[in-house]
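File shown here: coords_0.pdb, holding PDB, C-alpha atoms.
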```
ATOM      1  CA  MET A   1      32.305 -10.586  -3.525  1.00  0.00           C
ATOM      2  CA  GLY A   2      33.754  -7.098  -3.113  1.00  0.00           C
ATOM      3  CA  VAL A   3      35.343  -5.150  -5.944  1.00  0.00           C
ATOM      4  CA  ARG A   4      38.965  -4.065  -5.908  1.00  0.00           C
ATOM      5  CA  VAL A   5      38.449  -0.389  -6.678  1.00  0.00           C
ATOM      6  CA  MET A   6      40.342   2.881  -6.840  1.00  0.00           C
ATOM      7  CA  VAL A   7      38.661   6.306  -6.593  1.00  0.00           C
ATOM      8  CA  VAL A   8      40.070   9.306  -8.440  1.00  0.00           C
ATOM      9  CA  ASP A   9      38.207  12.618  -8.243  1.00  0.00           C
ATOM     10  CA  ASP A  10      38.804  16.321  -8.862  1.00  0.00           C
ATOM     11  CA  HIS A  11      38.112  16.882  -5.163  1.00  0.00           C
ATOM     12  CA  ARG A  12      40.044  14.844  -2.620  1.00  0.00           C
ATOM     13  CA  LEU A  13      37.334  15.119   0.048  1.00  0.00           C
ATOM     14  CA  LEU A  14      34.739  13.652  -2.311  1.00  0.00           C
ATOM     15  CA  ALA A  15      37.120  10.879  -3.295  1.00  0.00           C
ATOM     16  CA  GLU A  16      37.747   9.997   0.351  1.00  0.00           C
ATOM     17  CA  ALA A  17      34.037  10.124   1.219  1.00  0.00           C
ATOM     18  CA  LEU A  18      33.161   7.759  -1.641  1.00  0.00           C
ATOM     19  CA  ALA A  19      36.039   5.479  -0.701  1.00  0.00           C
ATOM     20  CA  SER A  20      34.782   5.279   2.880  1.00  0.00           C
ATOM     21  CA  ALA A  21      31.247   4.458   1.739  1.00  0.00           C
ATOM     22  CA  LEU A  22      32.505   1.682  -0.525  1.00  0.00           C
ATOM     23  CA  LYS A  23      34.635   0.190   2.252  1.00  0.00           C
ATOM     24  CA  LEU A  24      31.582   0.019   4.501  1.00  0.00           C
ATOM     25  CA  ARG A  25      29.840  -1.991   1.762  1.00  0.00           C
ATOM     26  CA  GLY A  26      32.614  -4.568   1.672  1.00  0.00           C
ATOM     27  CA  HIS A  27      34.698  -3.374  -1.264  1.00  0.00           C
ATOM     28  CA  ARG A  28      38.480  -3.222  -1.210  1.00  0.00           C
ATOM     29  CA  VAL A  29      39.493   0.384  -1.881  1.00  0.00           C
ATOM     30  CA  LEU A  30      43.129   0.552  -2.925  1.00  0.00           C
ATOM     31  CA  ALA A  31      43.421   4.345  -2.934  1.00  0.00           C
ATOM     32  CA  ALA A  32      41.502   7.605  -3.103  1.00  0.00           C
ATOM     33  CA  ALA A  33      43.217  10.454  -4.893  1.00  0.00           C
ATOM     34  CA  ALA A  34      42.743  13.733  -6.739  1.00  0.00           C
ATOM     35  CA  PRO A  35      43.778  13.816 -10.412  1.00  0.00           C
ATOM     36  CA  ALA A  36      47.362  14.935 -10.850  1.00  0.00           C
ATOM     37  CA  ALA A  37      50.290  14.395 -13.163  1.00  0.00           C
ATOM     38  CA  GLY A  38      50.918  10.904 -11.753  1.00  0.00           C
ATOM     39  CA  ALA A  39      47.302   9.735 -11.423  1.00  0.00           C
ATOM     40  CA  ALA A  40      47.453   7.357 -14.401  1.00  0.00           C
ATOM     41  CA  GLU A  41      50.684   5.803 -13.174  1.00  0.00           C
ATOM     42  CA  LEU A  42      49.202   5.349  -9.693  1.00  0.00           C
ATOM     43  CA  VAL A  43      46.115   3.582 -11.051  1.00  0.00           C
ATOM     44  CA  VAL A  44      48.215   1.379 -13.337  1.00  0.00           C
ATOM     45  CA  SER A  45      50.598   0.440 -10.519  1.00  0.00           C
ATOM     46  CA  ARG A  46      47.769  -0.468  -8.094  1.00  0.00           C
ATOM     47  CA  ALA A  47      45.891  -2.380 -10.833  1.00  0.00           C
ATOM     48  CA  PRO A  48      42.334  -2.226  -9.434  1.00  0.00           C
ATOM     49  CA  GLU A  49      39.513  -4.102 -11.115  1.00  0.00           C
ATOM     50  CA  VAL A  50      37.565  -0.847 -11.396  1.00  0.00           C
ATOM     51  CA  CYS A  51      38.644   2.792 -11.332  1.00  0.00           C
ATOM     52  CA  LEU A  52      35.962   5.354 -10.435  1.00  0.00           C
ATOM     53  CA  LEU A  53      36.978   8.591 -12.124  1.00  0.00           C
ATOM     54  CA  GLY A  54      35.229  11.829 -11.127  1.00  0.00           C
ATOM     55  CA  THR A  55      35.111  14.787 -13.492  1.00  0.00           C
ATOM     56  CA  SER A  56      33.344  18.142 -13.344  1.00  0.00           C
ATOM     57  CA  ALA A  57      33.604  19.005 -17.058  1.00  0.00           C
ATOM     58  CA  PRO A  58      33.005  15.926 -19.251  1.00  0.00           C
ATOM     59  CA  ALA A  59      32.657  17.915 -22.467  1.00  0.00           C
ATOM     60  CA  GLU A  60      35.966  19.761 -22.087  1.00  0.00           C
ATOM     61  CA  PRO A  61      38.819  18.797 -24.450  1.00  0.00           C
ATOM     62  CA  GLY A  62      41.148  16.321 -22.768  1.00  0.00           C
ATOM     63  CA  ALA A  63      38.663  15.506 -19.991  1.00  0.00           C
ATOM     64  CA  PHE A  64      39.243  11.781 -20.490  1.00  0.00           C
ATOM     65  CA  ASP A  65      42.945  11.687 -21.297  1.00  0.00           C
ATOM     66  CA  LEU A  66      43.406   9.888 -17.986  1.00  0.00           C
ATOM     67  CA  VAL A  67      40.981   7.156 -19.096  1.00  0.00           C
ATOM     68  CA  ALA A  68      42.888   6.685 -22.342  1.00  0.00           C
ATOM     69  CA  ALA A  69      46.225   6.526 -20.499  1.00  0.00           C
ATOM     70  CA  ILE A  70      44.945   3.885 -18.069  1.00  0.00           C
ATOM     71  CA  LYS A  71      43.420   1.741 -20.816  1.00  0.00           C
ATOM     72  CA  ARG A  72      46.559   1.987 -22.906  1.00  0.00           C
ATOM     73  CA  ASP A  73      48.744   0.493 -20.157  1.00  0.00           C
ATOM     74  CA  ARG A  74      46.155  -1.685 -18.365  1.00  0.00           C
ATOM     75  CA  PRO A  75      43.248  -2.454 -20.718  1.00  0.00           C
ATOM     76  CA  GLN A  76      41.790  -4.890 -18.174  1.00  0.00           C
ATOM     77  CA  ILE A  77      40.987  -2.055 -15.728  1.00  0.00           C
ATOM     78  CA  ALA A  78      37.358  -0.982 -16.101  1.00  0.00           C
ATOM     79  CA  VAL A  79      36.968   2.801 -15.770  1.00  0.00           C
ATOM     80  CA  VAL A  80      33.610   4.224 -14.681  1.00  0.00           C
ATOM     81  CA  VAL A  81      33.196   7.983 -14.982  1.00  0.00           C
ATOM     82  CA  LEU A  82      31.331   9.928 -12.302  1.00  0.00           C
ATOM     83  CA  GLY A  83      30.187  13.299 -13.595  1.00  0.00           C
ATOM     84  CA  PRO A  84      27.397  15.832 -14.008  1.00  0.00           C
ATOM     85  CA  VAL A  85      24.434  15.251 -16.299  1.00  0.00           C
ATOM     86  CA  PRO A  86      26.375  15.033 -19.547  1.00  0.00           C
ATOM     87  CA  SER A  87      25.807  16.265 -23.045  1.00  0.00           C
ATOM     88  CA  PRO A  88      25.878  13.562 -25.729  1.00  0.00           C
ATOM     89  CA  LEU A  89      29.401  14.755 -26.442  1.00  0.00           C
ATOM     90  CA  GLY A  90      30.399  14.032 -22.848  1.00  0.00           C
ATOM     91  CA  ILE A  91      29.118  10.454 -22.932  1.00  0.00           C
ATOM     92  CA  ALA A  92      30.615   9.842 -26.379  1.00  0.00           C
ATOM     93  CA  ALA A  93      33.997  11.234 -25.320  1.00  0.00           C
ATOM     94  CA  ALA A  94      34.075   9.032 -22.216  1.00  0.00           C
ATOM     95  CA  PHE A  95      33.380   5.837 -24.134  1.00  0.00           C
ATOM     96  CA  ALA A  96      35.656   6.817 -27.018  1.00  0.00           C
ATOM     97  CA  ALA A  97      38.498   7.120 -24.504  1.00  0.00           C
ATOM     98  CA  GLY A  98      37.782   3.594 -23.244  1.00  0.00           C
ATOM     99  CA  ALA A  99      35.440   4.086 -20.286  1.00  0.00           C
ATOM    100  CA  SER A 100      33.163   1.211 -19.328  1.00  0.00           C
ATOM    101  CA  GLY A 101      30.457   3.365 -17.787  1.00  0.00           C
ATOM    102  CA  TYR A 102      29.103   6.792 -16.931  1.00  0.00           C
ATOM    103  CA  VAL A 103      27.260   7.512 -13.679  1.00  0.00           C
ATOM    104  CA  ARG A 104      25.786  10.799 -12.513  1.00  0.00           C
ATOM    105  CA  GLN A 105      27.789  12.284  -9.672  1.00  0.00           C
ATOM    106  CA  ASP A 106      24.625  12.663  -7.570  1.00  0.00           C
ATOM    107  CA  GLU A 107      23.810   8.957  -7.919  1.00  0.00           C
ATOM    108  CA  ARG A 108      23.143   7.022  -4.719  1.00  0.00           C
ATOM    109  CA  ILE A 109      25.870   4.676  -3.521  1.00  0.00           C
ATOM    110  CA  GLU A 110      23.761   1.698  -4.619  1.00  0.00           C
ATOM    111  CA  GLY A 111      23.810   2.999  -8.189  1.00  0.00           C
ATOM    112  CA  VAL A 112      27.570   3.465  -8.113  1.00  0.00           C
ATOM    113  CA  GLU A 113      27.954  -0.069  -6.763  1.00  0.00           C
ATOM    114  CA  ARG A 114      25.772  -1.527  -9.537  1.00  0.00           C
ATOM    115  CA  ALA A 115      27.841   0.299 -12.148  1.00  0.00           C
ATOM    116  CA  MET A 116      31.061  -1.064 -10.646  1.00  0.00           C
ATOM    117  CA  LEU A 117      29.785  -4.637 -10.762  1.00  0.00           C
ATOM    118  CA  LYS A 118      28.571  -4.306 -14.348  1.00  0.00           C
ATOM    119  CA  ALA A 119      31.854  -2.749 -15.462  1.00  0.00           C
ATOM    120  CA  ARG A 120      33.869  -5.507 -13.778  1.00  0.00           C
ATOM    121  CA  ALA A 121      31.734  -8.049 -15.636  1.00  0.00           C
ATOM    122  CA  GLY A 122      32.590  -6.386 -18.930  1.00  0.00           C
ATOM    123  CA  GLU A 123      29.207  -4.724 -19.439  1.00  0.00           C
ATOM    124  CA  ALA A 124      28.502  -1.100 -20.302  1.00  0.00           C
ATOM    125  CA  ALA A 125      27.343   0.718 -17.170  1.00  0.00           C
ATOM    126  CA  VAL A 126      25.096   3.605 -18.198  1.00  0.00           C
ATOM    127  CA  ALA A 127      21.711   4.401 -16.685  1.00  0.00           C
ATOM    128  CA  PRO A 128      18.913   4.068 -19.288  1.00  0.00           C
ATOM    129  CA  GLN A 129      17.658   7.602 -18.562  1.00  0.00           C
ATOM    130  CA  LEU A 130      21.072   9.030 -19.413  1.00  0.00           C
ATOM    131  CA  LEU A 131      21.077   7.219 -22.738  1.00  0.00           C
ATOM    132  CA  ARG A 132      17.529   8.334 -23.490  1.00  0.00           C
ATOM    133  CA  GLY A 133      18.452  11.930 -22.727  1.00  0.00           C
ATOM    134  CA  ALA A 134      21.571  11.739 -24.894  1.00  0.00           C
ATOM    135  CA  PHE A 135      19.727  10.217 -27.849  1.00  0.00           C
ATOM    136  CA  THR A 136      16.895  12.741 -27.523  1.00  0.00           C
ATOM    137  CA  GLU A 137      19.379  15.601 -27.688  1.00  0.00           C
ATOM    138  CA  LEU A 138      21.190  14.060 -30.635  1.00  0.00           C
ATOM    139  CA  LEU A 139      17.940  13.578 -32.564  1.00  0.00           C
ATOM    140  CA  ASN A 140      16.558  17.000 -31.608  1.00  0.00           C
ATOM    141  CA  PRO A 141      19.551  19.303 -31.315  1.00  0.00           C
ATOM    142  CA  VAL A 142      19.026  22.786 -29.964  1.00  0.00           C
ATOM    143  CA  ALA A 143      20.019  25.359 -32.533  1.00  0.00           C
ATOM    144  CA  GLN A 144      23.103  27.217 -31.362  1.00  0.00           C
ATOM    145  CA  PRO A 145      23.869  30.757 -32.474  1.00  0.00           C
ATOM    146  CA  ASP A 146      26.879  31.297 -34.710  1.00  0.00           C
ATOM    147  CA  ASP A 147      29.120  32.957 -32.144  1.00  0.00           C
ATOM    148  CA  GLU A 148      31.737  33.952 -34.703  1.00  0.00           C
ATOM    149  CA  ALA A 149      29.169  35.700 -36.904  1.00  0.00           C
ATOM    150  CA  GLN A 150      27.764  37.511 -33.865  1.00  0.00           C
ATOM    151  CA  ARG A 151      31.230  38.611 -32.807  1.00  0.00           C
ATOM    152  CA  LEU A 152      32.039  39.952 -36.265  1.00  0.00           C
ATOM    153  CA  LEU A 153      28.706  41.755 -36.579  1.00  0.00           C
ATOM    154  CA  ARG A 154      29.340  43.536 -33.298  1.00  0.00           C
ATOM    155  CA  LEU A 155      32.533  44.976 -34.778  1.00  0.00           C
ATOM    156  CA  LEU A 156      30.676  46.725 -37.600  1.00  0.00           C
ATOM    157  CA  THR A 157      28.416  49.772 -37.638  1.00  0.00           C
ATOM    158  CA  PRO A 158      25.053  49.470 -39.481  1.00  0.00           C
ATOM    159  CA  ARG A 159      26.556  51.443 -42.392  1.00  0.00           C
ATOM    160  CA  GLU A 160      29.551  49.069 -42.541  1.00  0.00           C
ATOM    161  CA  VAL A 161      27.239  46.062 -42.482  1.00  0.00           C
ATOM    162  CA  GLU A 162      25.450  47.411 -45.560  1.00  0.00           C
ATOM    163  CA  VAL A 163      28.800  48.022 -47.228  1.00  0.00           C
ATOM    164  CA  LEU A 164      29.824  44.410 -46.503  1.00  0.00           C
ATOM    165  CA  VAL A 165      26.621  43.084 -48.062  1.00  0.00           C
ATOM    166  CA  ARG A 166      27.183  45.193 -51.181  1.00  0.00           C
ATOM    167  CA  VAL A 167      30.827  44.089 -51.392  1.00  0.00           C
ATOM    168  CA  ALA A 168      29.711  40.449 -51.182  1.00  0.00           C
ATOM    169  CA  GLU A 169      27.230  41.135 -54.006  1.00  0.00           C
ATOM    170  CA  GLY A 170      30.129  42.270 -56.186  1.00  0.00           C
ATOM    171  CA  GLU A 171      29.462  46.004 -56.215  1.00  0.00           C
ATOM    172  CA  ASP A 172      32.445  48.262 -56.867  1.00  0.00           C
ATOM    173  CA  THR A 173      33.102  51.517 -55.038  1.00  0.00           C
ATOM    174  CA  ARG A 174      31.111  53.602 -57.534  1.00  0.00           C
ATOM    175  CA  ARG A 175      28.012  51.386 -57.278  1.00  0.00           C
ATOM    176  CA  ILE A 176      28.270  51.231 -53.476  1.00  0.00           C
ATOM    177  CA  ALA A 177      28.386  55.026 -53.345  1.00  0.00           C
ATOM    178  CA  ALA A 178      25.429  55.404 -55.710  1.00  0.00           C
ATOM    179  CA  GLY A 179      23.341  52.801 -53.922  1.00  0.00           C
ATOM    180  CA  MET A 180      23.941  54.317 -50.495  1.00  0.00           C
ATOM    181  CA  GLY A 181      23.764  57.965 -51.628  1.00  0.00           C
ATOM    182  CA  ILE A 182      27.276  58.812 -50.438  1.00  0.00           C
ATOM    183  CA  ALA A 183      30.443  60.103 -52.075  1.00  0.00           C
ATOM    184  CA  PRO A 184      32.822  57.535 -53.636  1.00  0.00           C
ATOM    185  CA  SER A 185      35.555  58.639 -51.213  1.00  0.00           C
ATOM    186  CA  THR A 186      33.232  57.932 -48.273  1.00  0.00           C
ATOM    187  CA  ALA A 187      32.321  54.546 -49.720  1.00  0.00           C
ATOM    188  CA  ARG A 188      36.020  53.750 -50.148  1.00  0.00           C
ATOM    189  CA  THR A 189      36.641  54.674 -46.502  1.00  0.00           C
ATOM    190  CA  HIS A 190      33.798  52.412 -45.346  1.00  0.00           C
ATOM    191  CA  VAL A 191      35.216  49.522 -47.364  1.00  0.00           C
ATOM    192  CA  GLN A 192      38.686  49.980 -45.865  1.00  0.00           C
ATOM    193  CA  ARG A 193      37.241  50.050 -42.347  1.00  0.00           C
ATOM    194  CA  VAL A 194      35.295  46.846 -42.996  1.00  0.00           C
ATOM    195  CA  LEU A 195      38.446  45.103 -44.232  1.00  0.00           C
ATOM    196  CA  MET A 196      40.407  46.345 -41.237  1.00  0.00           C
ATOM    197  CA  LYS A 197      37.771  45.291 -38.678  1.00  0.00           C
ATOM    198  CA  LEU A 198      37.396  41.835 -40.236  1.00  0.00           C
ATOM    199  CA  ASP A 199      41.196  41.527 -40.413  1.00  0.00           C
ATOM    200  CA  VAL A 200      41.241  40.601 -44.102  1.00  0.00           C
ATOM    201  CA  GLY A 201      43.285  41.961 -46.979  1.00  0.00           C
ATOM    202  CA  SER A 202      40.781  42.146 -49.817  1.00  0.00           C
ATOM    203  CA  ARG A 203      37.110  42.448 -50.682  1.00  0.00           C
ATOM    204  CA  LEU A 204      37.114  38.836 -51.844  1.00  0.00           C
ATOM    205  CA  GLU A 205      38.420  37.666 -48.465  1.00  0.00           C
ATOM    206  CA  ALA A 206      35.783  39.751 -46.675  1.00  0.00           C
ATOM    207  CA  ALA A 207      32.995  38.201 -48.760  1.00  0.00           C
ATOM    208  CA  ALA A 208      34.378  34.682 -48.200  1.00  0.00           C
ATOM    209  CA  LEU A 209      34.629  35.221 -44.430  1.00  0.00           C
ATOM    210  CA  ALA A 210      31.087  36.580 -44.274  1.00  0.00           C
ATOM    211  CA  ALA A 211      29.713  33.605 -46.204  1.00  0.00           C
ATOM    212  CA  ARG A 212      31.719  31.006 -44.234  1.00  0.00           C
ATOM    213  CA  THR A 213      30.614  32.224 -40.798  1.00  0.00           C
ATOM    214  CA  GLY A 214      26.989  32.895 -41.740  1.00  0.00           C
ATOM    215  CA  LEU A 215      27.544  36.605 -41.177  1.00  0.00           C
ATOM    216  CA  LEU A 216      26.394  37.407 -44.717  1.00  0.00           C
ATOM    217  CA  ASP A 217      22.976  35.787 -44.240  1.00  0.00           C
ATOM    218  CA  ARG A 218      22.406  37.647 -40.986  1.00  0.00           C
ATOM    219  CA  ALA A 219      23.626  40.956 -42.342  1.00  0.00           C
ATOM    220  CA  ALA A 220      21.633  40.738 -45.581  1.00  0.00           C
ATOM    221  CA  ALA A 221      18.263  39.844 -44.021  1.00  0.00           C
ATOM    222  CA  PRO A 222      17.263  43.358 -42.889  1.00  0.00           C
ATOM    223  CA  LEU A 223      18.830  44.935 -45.956  1.00  0.00           C
ATOM    224  CA  GLU A 224      16.912  43.143 -48.710  1.00  0.00           C
ATOM    225  CA  ARG A 225      16.259  45.450 -51.625  1.00  0.00           C
ATOM    226  CA  PRO A 226      13.803  45.018 -54.530  1.00  0.00           C
TER     227      PRO A 226
END
```

Once more with this new file: its structure as structure tokens, please.
Amino acid sequence: MGVRVMVVDDHRLLAEALASALKLRGHRVLAAAAPAAGAAELVVSRAPEVCLLGTSAPAEPGAFDLVAAIKRDRPQIAVVVLGPVPSPLGIAAAFAAGASGYVRQDERIEGVERAMLKARAGEAAVAPQLLRGAFTELLNPVAQPDDEAQRLLRLLTPREVEVLVRVAEGEDTRRIAAGMGIAPSTARTHVQRVLMKLDVGSRLEAAALAARTGLLDRAAAPLERP
């Protein structure tokens, strides 16, 4: 028996093409539309058994607000997301919003149809390989660089980086000057420039910011002293 389905996609042409393919396979397509301000209301008013929701950025904040809005007003509608190969965050966000399934957007029509039938039956519709990939990434995360620390380091000259490390170690202006072989007035100027570039008001704030972002560890590594 065919599924009463509605297709919503970022691209109207893709939505209409998928709708046509589903009609040829005996399903009742109530509408094909591109997401817009009234998309949730349209889905709720048509009350399909399954809504196929296309998205191009599953990990973006708010990507599944439409899912949550549909489930809030019509919890009986099963929403299956069609999207790119997702990160674990993308899959988690879809299901947290109330989706019943996640299917790759390059899946064959038979795969989409199977997901629709499983979702209508109240089952989770996710391909095993997607789950395996998500769990593998969760268990073996790729180390990501600390972008904030990198950004802050790029603001400072090598001399200012050394000054920051010494400030974080609690050195006063006199000790900074002696350790770097510069005049106290020059050391004081370096400190003021560091505070200005990091947009902080005191040495304590500079040290706290450096420690919080990981900047201190990166800056100190090449400057280790006996």

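Residues matched by the PyMOL selection byres ((chain A and resi 85-98) around 7) in this structure: Pro58, Ala59, Phe64, Val67, Ala68, Lys71, Gly83, Pro84, Ala99, Ser100, Arg104, Ala134 and Leu138 of chain A.
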
Give me the result of the PyMOL selection byres ((chain A and resi 20-32) around 7) on this file, residue by residue, as number ranges by chain. A: 2-8, 15-19, 33

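Between A:Val112 and the candidates A:Ala211, A:Cys51, A:Val191, A:Ile77, the tightest atom-to-atom separation, counting all atoms listed in the file, involves A:Cys51.
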
Can you pull out the residues contacting A:Gly179? Cut-off 12 Å, using only C-alpha atoms, and skip same-chain residues under 6 positions away; I want them as an MDAnalysis selection string. chainID A and resid 162:163 165:167 171:173 187 225

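Take the PyMOL selection byres ((chain A and resi 34) around 12) and apply it to this file: it picks A:Met6, A:Val7, A:Val8, A:Asp9, A:Asp10, A:His11, A:Arg12, A:Leu13, A:Leu14, A:Ala15, A:Glu16, A:Ala31, A:Ala32, A:Ala33, A:Pro35, A:Ala36, A:Ala37, A:Gly38, A:Ala39, A:Ala40, A:Leu42, A:Val43, A:Leu52, A:Leu53, A:Gly54, A:Thr55, A:Leu66.
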
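Proximity ranking of A:Ala47, A:Ala168, A:Val161, A:Ile176 relative to A:Arg203 places A:Ala168 first, based on all atoms listed in the file.
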
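In terms of minimum interatomic distance to A:Val80, A:Ala124 ranks closest within A:Ala124, A:Leu131, A:Leu204, A:Leu195, counting all atoms listed in the file.
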
Atom CA of A:Gly111 to atom CA of A:Ala78, distance in Å rounded to a single decimal: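 Here the two named atoms are 16.2 Å from each other.
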
Can you work out the spacing between atom CA of A:Ala125 and atom CA of A:Val103 in Å, to one decimal?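 Value for the atom CA of A:Ala125-atom CA of A:Val103 distance: 7.6 Å.
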
One number please: atom CA of A:Leu117 to atom CA of A:Thr136, in Å, one decimal. 27.4 Å

As JSON, please: the centre and edge lengths in Å, to one decimal, of an axis-aligned box enclosing every listed atom of stretch 119-134 of chain A with 4 Å added on each side.
```
{"center_x": 25.7, "center_y": 1.9, "center_z": -19.3, "size_x": 24.3, "size_y": 28.0, "size_z": 19.1}
```

Give me, as a list in words, all polymer residues having an atom no more than 12 Å from A:Arg151, counting only C-alpha atoms and skipping those fewer than 6 positions away in the same chain.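 My list of contacting residues is Pro145, Lys197, Leu198, Ala210, Thr213, Gly214 and Leu215 of chain A.
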
Calculated over all atoms listed in the file, which of the candidates A:Glu169, A:Gly133, A:Gly101, A:Leu216 has the smallest distance to A:Ala149? A:Leu216

Fewer than 6 positions away in the same chain doesn't count, so skip those; otherwise give me all residues within 12 Å of A:Arg193, counting all atoms listed in the file, as a list in words. Leu155, Leu156, Thr157, Arg159, Glu160, Val161, Val163, Leu164, Thr186, Ala187, Asp199, Val200, Gly201, Ser202, Arg203 and Ala206 of chain A

Min atom-atom distance to A:Arg120 from the set A:Val79, A:Asp65, A:Glu107, A:Tyr102, counting only C-alpha atoms, belongs to A:Val79
